[in-house]
Amino acid sequence: MAEPPNDPQTPQPGLEPGPGRKMRVAAVGDLHVGETSQRAYRDLFERVADDADVLCLCGDLTNYGKTGEVERLLEDLRLCRIPMVGVLGNHEHECGQPDHVVQMLCDAGVKMLTGQAYEIDGVGFAGGKGFVGGFGRYMLSSFGEDSIKRFVQEAVEDANLIENSIRMLRTERSVVLLHYAPVVETVIGEPPEIHAFLGSSRLAETIDRYDNVSLVVHGHAHRGGPEGRTHRGVPVYNVALPVLRTLGDLPYRVFEV
């Protein structure tokens, strides 16, 4: 049985409108760079500055989070000429060195969201990896065995970290980056049996407490739907590269915020 949603609350006071012009935000996830990859995304990182002002990287940038994989990724990523904001995916945790991966990406100029928030030209960026747990009435609740309670507690703590990130922002326009999906619409197309492992409604409930979130982007669901909305109507887009390839030739999706 799912936990009841938290009531929406008024976001932090003193929001700053920022400049009037729109920002072009590009987003992509699930590049899955391997140790033998040979400049697979050179064109992506070179081209994106022509189409966008900021690039959002939504996790699973590597296959296993190995140092060699990150080094292959950085060979292409360093060609990017616009600010980059990113989150880790579950694949970056496989080798047990997610902090090292974060440091390598930060050293290359990516603003990584692990509880932090950033403002770029009047637009806020917040978020985090997210976690699993299911959607709506089928979301896993903290009941029964201790192992289930620990699992749910990790999901709650992860959502709290993301909420702290959003709360730090003072911008009227904000973008939330995730790896896991916050709504079921963007995982439909994947086998129903694994929907609960692709995201959680807890993430959407967290987002819906704040009126200044304009856009949510995530990855992870390679065969999921391209877009959906939270209960309060915030647009959510699945920007996993396999999904983007079904929409056209552009290896990222661009939004105006």
# chains A, B, ... in the order shown; residues from 1 in each chain; ligands from 1
>>> residues_around(residues="Asn63 in chain A", least_positions_apart="6", cutoff="7 Å", atoms="only C-alpha atoms", output="PyMOL selection string")
chain A and resi 32-34+91
>>> select_by_dssp(residues="range 156-255 of chain A", states="helix (DSSP H, G or I)", output="MDAnalysis selection string")
chainID A and resid 156:167 184:186 192:197 201:207 241:247
>>> closest_atom_pairs(of="range 103-207 of chain A", to="range 235-251 of chain A", cutoff="8 Å", atoms="only C-alpha atoms", output="JSON lines")
{"residue": "A:Ala181", "atom": "CA", "partner": "A:Asn238", "partner_atom": "CA", "distance": 7.6}
{"residue": "A:Pro182", "atom": "CA", "partner": "A:Val236", "partner_atom": "CA", "distance": 7.9}
{"residue": "A:Val183", "atom": "CA", "partner": "A:Val236", "partner_atom": "CA", "distance": 7.7}
{"residue": "A:Thr186", "atom": "CA", "partner": "A:Asn238", "partner_atom": "CA", "distance": 5.9}
>>> select_by_dssp(residues="range 119-247 of chain A", states="strand (DSSP E or B)", output="ChimeraX atom specification")
/A:119-120,123-127,134,171,174-177,181,188,190,199-200,213-218,227-229,235-238,240
>>> closest_residue(among="A:Lys111, A:His231, A:His179, A:Arg72", to="Met84 in chain A", atoms="only C-alpha atoms")
A:Lys111
>>> closest_residue(among="A:Ala108, A:Glu190, A:Asp60, A:Ser142", to="Leu178 in chain A", atoms="only C-alpha atoms")
A:Asp60
>>> residues_around(residues="range 54-57 of chain A", least_positions_apart="4", cutoff="10 Å", atoms="only C-alpha atoms", output="VMD selection string")
chain A and resid 23 to 31 45 48 to 49 61 80 to 89 110 to 112 120 to 121 125 175 to 179 217 to 219 239 to 240 252 to 254
>>> write_last_selection(atoms="C-alpha atoms", output="compact mmCIF listing (two decimals), in the first residue's frame")
# COMPACT_ATOMS: atom_id res chain seq x y z
CA MET A 23 16.96 29.77 -21.62
CA ARG A 24 17.47 26.86 -24.03
CA VAL A 25 18.12 23.72 -21.98
CA ALA A 26 19.36 20.55 -23.69
CA ALA A 27 19.11 17.21 -21.89
CA VAL A 28 20.25 13.63 -22.46
CA GLY A 29 20.94 10.55 -20.35
CA ASP A 30 22.07 6.95 -20.72
CA LEU A 31 25.09 7.38 -22.96
CA PHE A 45 29.23 17.63 -27.27
CA VAL A 48 25.03 21.13 -28.49
CA ALA A 49 26.34 24.70 -28.05
CA LEU A 61 26.85 8.21 -18.63
CA CYS A 80 31.30 21.09 -24.81
CA ARG A 81 31.29 24.90 -24.85
CA ILE A 82 28.26 25.55 -22.64
CA PRO A 83 27.67 24.97 -18.89
CA MET A 84 26.86 21.39 -17.91
CA VAL A 85 24.81 20.11 -14.98
CA GLY A 86 24.56 16.41 -14.15
CA VAL A 87 23.40 13.61 -11.88
CA LEU A 88 24.68 10.07 -11.47
CA GLY A 89 22.76 7.01 -12.59
CA VAL A 110 30.23 19.51 -14.81
CA LYS A 111 28.16 20.88 -11.92
CA MET A 112 27.08 17.65 -10.24
CA ILE A 120 22.90 29.69 -14.21
CA ASP A 121 21.84 33.01 -15.76
CA PHE A 125 19.09 23.60 -11.38
CA VAL A 175 14.89 22.63 -13.70
CA VAL A 176 15.01 19.34 -11.78
CA LEU A 177 17.40 16.63 -13.02
CA LEU A 178 16.86 13.00 -12.07
CA HIS A 179 17.95 9.60 -13.31
CA VAL A 217 14.20 15.63 -17.04
CA HIS A 218 15.29 12.04 -16.34
CA GLY A 219 16.66 8.94 -18.03
CA VAL A 239 15.62 11.94 -22.20
CA ALA A 240 17.30 8.52 -22.18
CA TYR A 252 19.51 15.42 -27.02
CA ARG A 253 16.22 17.22 -26.49
CA VAL A 254 16.02 20.99 -26.17
>>> decode(residues="range 147-200 of chain A", atoms="C-alpha atoms", output="PDB file, in the first residue's frame")
ATOM      1  CA  SER A 147      14.749  -5.203   5.096  1.00  0.00           C
ATOM      2  CA  ILE A 148      11.715  -3.611   3.392  1.00  0.00           C
ATOM      3  CA  LYS A 149      11.715  -0.770   5.916  1.00  0.00           C
ATOM      4  CA  ARG A 150      15.416  -0.105   5.271  1.00  0.00           C
ATOM      5  CA  PHE A 151      14.775  -0.116   1.540  1.00  0.00           C
ATOM      6  CA  VAL A 152      11.930   2.390   1.845  1.00  0.00           C
ATOM      7  CA  GLN A 153      13.972   4.519   4.240  1.00  0.00           C
ATOM      8  CA  GLU A 154      16.712   4.827   1.626  1.00  0.00           C
ATOM      9  CA  ALA A 155      14.093   5.986  -0.894  1.00  0.00           C
ATOM     10  CA  VAL A 156      12.789   8.561   1.585  1.00  0.00           C
ATOM     11  CA  GLU A 157      16.292   9.832   2.386  1.00  0.00           C
ATOM     12  CA  ASP A 158      17.070  10.144  -1.314  1.00  0.00           C
ATOM     13  CA  ALA A 159      13.865  12.151  -1.888  1.00  0.00           C
ATOM     14  CA  ASN A 160      14.745  14.374   1.079  1.00  0.00           C
ATOM     15  CA  LEU A 161      18.172  15.078  -0.424  1.00  0.00           C
ATOM     16  CA  ILE A 162      16.515  16.122  -3.678  1.00  0.00           C
ATOM     17  CA  GLU A 163      14.027  18.285  -1.799  1.00  0.00           C
ATOM     18  CA  ASN A 164      16.854  20.046   0.029  1.00  0.00           C
ATOM     19  CA  SER A 165      18.431  20.724  -3.353  1.00  0.00           C
ATOM     20  CA  ILE A 166      15.215  22.294  -4.706  1.00  0.00           C
ATOM     21  CA  ARG A 167      14.624  24.286  -1.523  1.00  0.00           C
ATOM     22  CA  MET A 168      18.016  25.971  -1.845  1.00  0.00           C
ATOM     23  CA  LEU A 169      16.971  27.703  -5.055  1.00  0.00           C
ATOM     24  CA  ARG A 170      15.642  31.266  -5.118  1.00  0.00           C
ATOM     25  CA  THR A 171      14.825  31.337  -8.819  1.00  0.00           C
ATOM     26  CA  GLU A 172      11.291  31.539 -10.191  1.00  0.00           C
ATOM     27  CA  ARG A 173      12.298  29.173 -13.013  1.00  0.00           C
ATOM     28  CA  SER A 174      13.952  25.915 -12.025  1.00  0.00           C
ATOM     29  CA  VAL A 175      14.891  22.632 -13.700  1.00  0.00           C
ATOM     30  CA  VAL A 176      15.010  19.335 -11.775  1.00  0.00           C
ATOM     31  CA  LEU A 177      17.401  16.630 -13.024  1.00  0.00           C
ATOM     32  CA  LEU A 178      16.861  12.998 -12.069  1.00  0.00           C
ATOM     33  CA  HIS A 179      17.951   9.603 -13.306  1.00  0.00           C
ATOM     34  CA  TYR A 180      14.960   7.604 -12.094  1.00  0.00           C
ATOM     35  CA  ALA A 181      11.458   8.492 -13.288  1.00  0.00           C
ATOM     36  CA  PRO A 182       9.073  10.478 -11.054  1.00  0.00           C
ATOM     37  CA  VAL A 183       5.895   9.553 -13.001  1.00  0.00           C
ATOM     38  CA  VAL A 184       4.636   6.320 -14.491  1.00  0.00           C
ATOM     39  CA  GLU A 185       3.860   7.847 -17.913  1.00  0.00           C
ATOM     40  CA  THR A 186       7.548   7.994 -18.810  1.00  0.00           C
ATOM     41  CA  VAL A 187       8.180   4.314 -18.026  1.00  0.00           C
ATOM     42  CA  ILE A 188       5.190   2.950 -19.958  1.00  0.00           C
ATOM     43  CA  GLY A 189       6.589   0.854 -22.772  1.00  0.00           C
ATOM     44  CA  GLU A 190       8.866  -1.009 -20.400  1.00  0.00           C
ATOM     45  CA  PRO A 191       7.588  -4.385 -19.086  1.00  0.00           C
ATOM     46  CA  PRO A 192       5.002  -3.660 -16.345  1.00  0.00           C
ATOM     47  CA  GLU A 193       6.803  -6.101 -14.060  1.00  0.00           C
ATOM     48  CA  ILE A 194       9.789  -3.719 -13.758  1.00  0.00           C
ATOM     49  CA  HIS A 195       7.968  -0.373 -13.473  1.00  0.00           C
ATOM     50  CA  ALA A 196       8.595  -0.305  -9.725  1.00  0.00           C
ATOM     51  CA  PHE A 197      12.346  -0.522 -10.400  1.00  0.00           C
ATOM     52  CA  LEU A 198      12.380   2.425 -12.779  1.00  0.00           C
ATOM     53  CA  GLY A 199      11.287   5.202 -10.449  1.00  0.00           C
ATOM     54  CA  SER A 200       8.952   6.353  -7.719  1.00  0.00           C
TER      55      SER A 200
END
